[in-house]
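Listing of upload_20.cif; format and content: mmCIF, C-alpha atoms.
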data_coords
loop_
_atom_site.group_PDB
_atom_site.id
_atom_site.type_symbol
_atom_site.label_atom_id
_atom_site.label_comp_id
_atom_site.auth_asym_id
_atom_site.auth_seq_id
_atom_site.Cartn_x
_atom_site.Cartn_y
_atom_site.Cartn_z
ATOM 1 C CA MET A 1 40.232 48.713 -73.825
ATOM 2 C CA ASN A 2 39.747 49.216 -77.512
ATOM 3 C CA TYR A 3 41.304 46.308 -79.386
ATOM 4 C CA GLU A 4 40.932 45.558 -83.060
ATOM 5 C CA LYS A 5 40.714 41.836 -82.310
ATOM 6 C CA HIS A 6 38.285 40.072 -80.016
ATOM 7 C CA ILE A 7 38.977 36.921 -78.032
ATOM 8 C CA PRO A 8 35.993 34.687 -78.982
ATOM 9 C CA PRO A 9 36.476 34.934 -82.773
ATOM 10 C CA GLU A 10 40.251 34.568 -82.441
ATOM 11 C CA ILE A 11 39.852 31.402 -80.358
ATOM 12 C CA ALA A 12 37.320 30.089 -82.900
ATOM 13 C CA LYS A 13 39.805 30.739 -85.731
ATOM 14 C CA VAL A 14 42.575 28.895 -83.898
ATOM 15 C CA SER A 15 40.206 26.013 -83.154
ATOM 16 C CA ASN A 16 39.285 25.736 -86.843
ATOM 17 C CA LEU A 17 42.945 25.823 -87.865
ATOM 18 C CA ILE A 18 43.744 23.044 -85.385
ATOM 19 C CA LYS A 19 40.897 20.893 -86.723
ATOM 20 C CA ARG A 20 41.987 21.424 -90.331
ATOM 21 C CA LYS A 21 45.634 20.682 -89.591
ATOM 22 C CA ALA A 22 44.709 17.556 -87.612
ATOM 23 C CA ALA A 23 42.550 16.330 -90.501
ATOM 24 C CA SER A 24 45.421 16.963 -92.922
ATOM 25 C CA PHE A 25 47.534 14.349 -91.133
ATOM 26 C CA PHE A 26 45.071 11.669 -92.297
ATOM 27 C CA PRO A 27 43.919 12.652 -95.794
ATOM 28 C CA ASN A 28 41.485 10.397 -97.611
ATOM 29 C CA GLU A 29 41.072 8.104 -94.621
ATOM 30 C CA ASN A 30 38.037 7.113 -92.624
ATOM 31 C CA PHE A 31 39.795 8.221 -89.445
ATOM 32 C CA PRO A 32 38.322 9.210 -86.086
ATOM 33 C CA THR A 33 37.484 12.891 -85.660
ATOM 34 C CA LEU A 34 39.726 15.201 -83.644
ATOM 35 C CA SER A 35 37.330 14.942 -80.683
ATOM 36 C CA GLN A 36 37.353 11.149 -80.868
ATOM 37 C CA GLY A 37 41.138 11.143 -81.225
ATOM 38 C CA LYS A 38 41.585 13.313 -78.133
ATOM 39 C CA ILE A 39 39.304 11.038 -76.127
ATOM 40 C CA MET A 40 41.099 7.917 -77.388
ATOM 41 C CA HIS A 41 44.454 9.491 -76.532
ATOM 42 C CA TYR A 42 43.205 10.280 -73.031
ATOM 43 C CA LEU A 43 41.864 6.747 -72.549
ATOM 44 C CA VAL A 44 45.149 5.181 -73.681
ATOM 45 C CA HIS A 45 47.085 7.262 -71.177
ATOM 46 C CA ASN A 46 44.631 6.440 -68.371
ATOM 47 C CA ARG A 47 44.322 2.685 -68.901
ATOM 48 C CA ASP A 48 45.330 2.122 -65.286
ATOM 49 C CA ARG A 49 42.062 3.590 -63.977
ATOM 50 C CA ASP A 50 38.360 3.386 -64.687
ATOM 51 C CA VAL A 51 37.067 6.212 -66.880
ATOM 52 C CA TYR A 52 33.391 7.160 -67.137
ATOM 53 C CA GLN A 53 31.435 9.581 -69.293
ATOM 54 C CA LYS A 54 31.388 12.175 -66.505
ATOM 55 C CA ASP A 55 35.207 12.133 -66.554
ATOM 56 C CA ILE A 56 35.217 12.818 -70.306
ATOM 57 C CA GLU A 57 32.719 15.658 -69.809
ATOM 58 C CA GLU A 58 34.872 17.310 -67.131
ATOM 59 C CA ILE A 59 38.251 16.851 -68.820
ATOM 60 C CA PHE A 60 37.149 18.106 -72.238
ATOM 61 C CA PHE A 61 34.562 20.667 -71.018
ATOM 62 C CA LEU A 62 31.763 18.885 -72.873
ATOM 63 C CA ARG A 63 28.065 19.041 -72.195
ATOM 64 C CA ARG A 64 26.481 15.734 -71.311
ATOM 65 C CA SER A 65 24.579 15.567 -74.616
ATOM 66 C CA THR A 66 27.740 16.310 -76.633
ATOM 67 C CA ALA A 67 29.761 13.681 -74.779
ATOM 68 C CA THR A 68 26.927 11.169 -75.232
ATOM 69 C CA GLY A 69 26.859 11.794 -78.989
ATOM 70 C CA ILE A 70 30.625 11.448 -79.402
ATOM 71 C CA LEU A 71 30.778 8.292 -77.271
ATOM 72 C CA GLN A 72 27.801 6.711 -79.049
ATOM 73 C CA LEU A 73 29.471 7.311 -82.411
ATOM 74 C CA MET A 74 32.752 5.899 -81.097
ATOM 75 C CA GLU A 75 30.875 2.825 -79.882
ATOM 76 C CA GLU A 76 29.093 2.425 -83.248
ATOM 77 C CA ASN A 77 32.459 2.699 -85.019
ATOM 78 C CA GLY A 78 33.940 -0.027 -82.814
ATOM 79 C CA LEU A 79 36.409 2.262 -81.007
ATOM 80 C CA ILE A 80 35.079 1.874 -77.461
ATOM 81 C CA ILE A 81 32.962 -0.421 -75.345
ATOM 82 C CA ARG A 82 30.765 0.972 -72.599
ATOM 83 C CA GLU A 83 30.368 -1.569 -69.810
ATOM 84 C CA ARG A 84 27.939 -1.335 -66.905
ATOM 85 C CA VAL A 85 29.537 -1.180 -63.472
ATOM 86 C CA LYS A 86 28.423 -3.894 -61.061
ATOM 87 C CA ASN A 87 28.000 -1.704 -57.981
ATOM 88 C CA ASP A 88 26.264 1.172 -59.851
ATOM 89 C CA THR A 89 24.225 0.289 -62.932
ATOM 90 C CA ARG A 90 23.907 3.973 -63.874
ATOM 91 C CA LEU A 91 27.639 4.156 -64.593
ATOM 92 C CA LYS A 92 29.285 2.783 -67.707
ATOM 93 C CA LYS A 93 33.029 2.277 -67.805
ATOM 94 C CA ILE A 94 34.595 3.309 -71.108
ATOM 95 C CA THR A 95 37.155 0.891 -72.547
ATOM 96 C CA LEU A 96 39.072 1.146 -75.814
ATOM 97 C CA THR A 97 38.824 -1.673 -78.331
ATOM 98 C CA GLU A 98 41.752 -3.246 -80.165
ATOM 99 C CA LYS A 99 40.709 -1.238 -83.236
ATOM 100 C CA ALA A 100 41.149 2.015 -81.268
ATOM 101 C CA LEU A 101 44.488 0.899 -79.856
ATOM 102 C CA GLU A 102 45.748 0.390 -83.420
ATOM 103 C CA TYR A 103 45.249 4.132 -83.995
ATOM 104 C CA ASP A 104 47.125 5.160 -80.854
ATOM 105 C CA GLY A 105 50.600 5.523 -82.315
ATOM 106 C CA ARG A 106 49.353 7.598 -85.211
ATOM 107 C CA ILE A 107 47.174 9.763 -82.994
ATOM 108 C CA SER A 108 49.991 10.348 -80.500
ATOM 109 C CA SER A 109 52.343 11.251 -83.328
ATOM 110 C CA ALA A 110 49.825 13.629 -84.902
ATOM 111 C CA MET A 111 49.075 15.313 -81.565
ATOM 112 C CA SER A 112 52.776 15.760 -80.902
ATOM 113 C CA GLU A 113 53.320 17.240 -84.370
ATOM 114 C CA LEU A 114 50.319 19.536 -83.933
ATOM 115 C CA GLU A 115 51.727 20.775 -80.622
ATOM 116 C CA LYS A 116 55.153 21.415 -82.196
ATOM 117 C CA LEU A 117 53.586 23.370 -85.051
ATOM 118 C CA ALA A 118 51.405 25.409 -82.696
ATOM 119 C CA ILE A 119 54.262 26.533 -80.436
ATOM 120 C CA ARG A 120 56.922 26.965 -83.130
ATOM 121 C CA GLY A 121 58.743 30.263 -82.616
ATOM 122 C CA ILE A 122 57.071 31.014 -79.276
ATOM 123 C CA SER A 123 59.369 31.549 -76.295
ATOM 124 C CA ASP A 124 58.930 29.650 -73.033
ATOM 125 C CA GLU A 125 58.048 32.935 -71.346
ATOM 126 C CA ASP A 126 55.336 33.692 -73.905
ATOM 127 C CA LEU A 127 53.960 30.155 -73.555
ATOM 128 C CA LYS A 128 53.739 30.549 -69.771
ATOM 129 C CA THR A 129 51.900 33.838 -70.296
ATOM 130 C CA PHE A 130 49.576 32.223 -72.843
ATOM 131 C CA TYR A 131 48.673 29.368 -70.490
ATOM 132 C CA ARG A 132 48.145 31.759 -67.589
ATOM 133 C CA VAL A 133 45.845 33.933 -69.732
ATOM 134 C CA ILE A 134 43.921 31.021 -71.269
ATOM 135 C CA ASP A 135 43.391 29.518 -67.805
ATOM 136 C CA LYS A 136 42.022 32.856 -66.616
ATOM 137 C CA ILE A 137 39.681 33.064 -69.624
ATOM 138 C CA LYS A 138 38.389 29.538 -68.864
ATOM 139 C CA GLU A 139 37.909 30.492 -65.216
ATOM 140 C CA ASN A 140 36.046 33.680 -66.197
ATOM 141 C CA LEU A 141 33.730 31.794 -68.523
ATOM 142 C CA SER A 142 33.023 28.860 -66.206
#

Could you take the file, read its structure, and then write that structure out as structure tokens?
Amino acid sequence: MNYEKHIPPEIAKVSNLIKRKAASFFPNENFPTLSQGKIMHYLVHNRDRDVYQKDIEEIFFLRRSTATGILQLMEENGLIIRERVKNDTRLKKITLTEKALEYDGRISSAMSELEKLAIRGISDEDLKTFYRVIDKIKENLS
């Protein structure tokens, strides 16, 4: 297999493009980062259950230290509250604040637009292949 392109740098390029495009939806605003927005979006859509840091780590493939840093910043910025759980004081339930909920519509809209832009001109068959391949890459690297 002698390819001119290599997977890690191509994925990094796509990741950077996604971050830039996401930031362009909110120019000149003190808006949550893409990582914070994804976590807020997840929390909004899982309000019916308790969510803990370990859930965020697993869902977003984050190291504990990375998740801790993001969540601490979100807490400092008034986007989440971390509440101790009565039956296990080691656990802290993550709850969105009203301030975070105010961002939800805009974040959902931006994520939807980002998805539309990313898949524009790609057939359903190619998307299925992409997801199958990306899942295999994640499995190989885990």

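CA of Lys93 in chain A sits 6.3 Å away from CA of Asp50 in chain A.
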
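With CA of Ala67 in chain A on one side and CA of His41 in chain A on the other, the separation reads 15.4 Å.
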
Can you work out which one of A:Thr129, A:Asn140, A:Ser108, A:Gln72 has the shortest atom-to-atom distance to Phe25 in chain A, counting all atoms listed in the file?
A:Ser108

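Counting all atoms listed in the file and comparing A:Asp88, A:Glu98, A:Glu10, A:Glu113, the residue that lies closest to Met40 in chain A is A:Glu98.
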
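Closest approach to Val44 in chain A among A:Ile134, A:Met111, A:Ala100, A:Asp124: A:Ala100, based on only C-alpha atoms.
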
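Considering the residues A:Leu117, A:Leu101, A:Val133, A:Ile39 and counting only C-alpha atoms, Leu62 in chain A has its shortest atom-to-atom contact with A:Ile39.
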
To verify the selection step, state as an mmCIF file with C-alpha atoms, keeping the file's coordinate frame which residues the PyMOL selection byres ((chain A and resi 53) around 12) yields on this input.
data_model
loop_
_atom_site.group_PDB
_atom_site.id
_atom_site.type_symbol
_atom_site.label_atom_id
_atom_site.label_comp_id
_atom_site.auth_asym_id
_atom_site.auth_seq_id
_atom_site.Cartn_x
_atom_site.Cartn_y
_atom_site.Cartn_z
ATOM 1 C CA ILE A 39 39.304 11.038 -76.127
ATOM 2 C CA LEU A 43 41.864 6.747 -72.549
ATOM 3 C CA ASP A 50 38.360 3.386 -64.687
ATOM 4 C CA VAL A 51 37.067 6.212 -66.880
ATOM 5 C CA TYR A 52 33.391 7.160 -67.137
ATOM 6 C CA LYS A 54 31.388 12.175 -66.505
ATOM 7 C CA ASP A 55 35.207 12.133 -66.554
ATOM 8 C CA ILE A 56 35.217 12.818 -70.306
ATOM 9 C CA GLU A 57 32.719 15.658 -69.809
ATOM 10 C CA GLU A 58 34.872 17.310 -67.131
ATOM 11 C CA ILE A 59 38.251 16.851 -68.820
ATOM 12 C CA PHE A 60 37.149 18.106 -72.238
ATOM 13 C CA PHE A 61 34.562 20.667 -71.018
ATOM 14 C CA LEU A 62 31.763 18.885 -72.873
ATOM 15 C CA ARG A 63 28.065 19.041 -72.195
ATOM 16 C CA ARG A 64 26.481 15.734 -71.311
ATOM 17 C CA SER A 65 24.579 15.567 -74.616
ATOM 18 C CA THR A 66 27.740 16.310 -76.633
ATOM 19 C CA ALA A 67 29.761 13.681 -74.779
ATOM 20 C CA THR A 68 26.927 11.169 -75.232
ATOM 21 C CA GLY A 69 26.859 11.794 -78.989
ATOM 22 C CA ILE A 70 30.625 11.448 -79.402
ATOM 23 C CA LEU A 71 30.778 8.292 -77.271
ATOM 24 C CA GLN A 72 27.801 6.711 -79.049
ATOM 25 C CA ILE A 80 35.079 1.874 -77.461
ATOM 26 C CA ILE A 81 32.962 -0.421 -75.345
ATOM 27 C CA ARG A 82 30.765 0.972 -72.599
ATOM 28 C CA GLU A 83 30.368 -1.569 -69.810
ATOM 29 C CA ARG A 84 27.939 -1.335 -66.905
ATOM 30 C CA ARG A 90 23.907 3.973 -63.874
ATOM 31 C CA LEU A 91 27.639 4.156 -64.593
ATOM 32 C CA LYS A 92 29.285 2.783 -67.707
ATOM 33 C CA LYS A 93 33.029 2.277 -67.805
ATOM 34 C CA ILE A 94 34.595 3.309 -71.108
ATOM 35 C CA THR A 95 37.155 0.891 -72.547
#

Go through the shown structure with the PyMOL selection byres ((chain A and resi 77) around 12) and write out the matching residues as a ChimeraX atom specification.
/A:30-33,36,70-76,78-81,96-97,99-100

Please report, as JSON, the centre and edge lengths in Å to one decimal of an axis-aligned box covering all listed atoms of range 103-118 of chain A with 6 Å per side.
{"center_x": 50.2, "center_y": 14.8, "center_z": -82.9, "size_x": 21.9, "size_y": 33.3, "size_z": 16.7}

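From CA of Leu114 in chain A back to CA of Ile18 in chain A, the distance works out to 7.6 Å.
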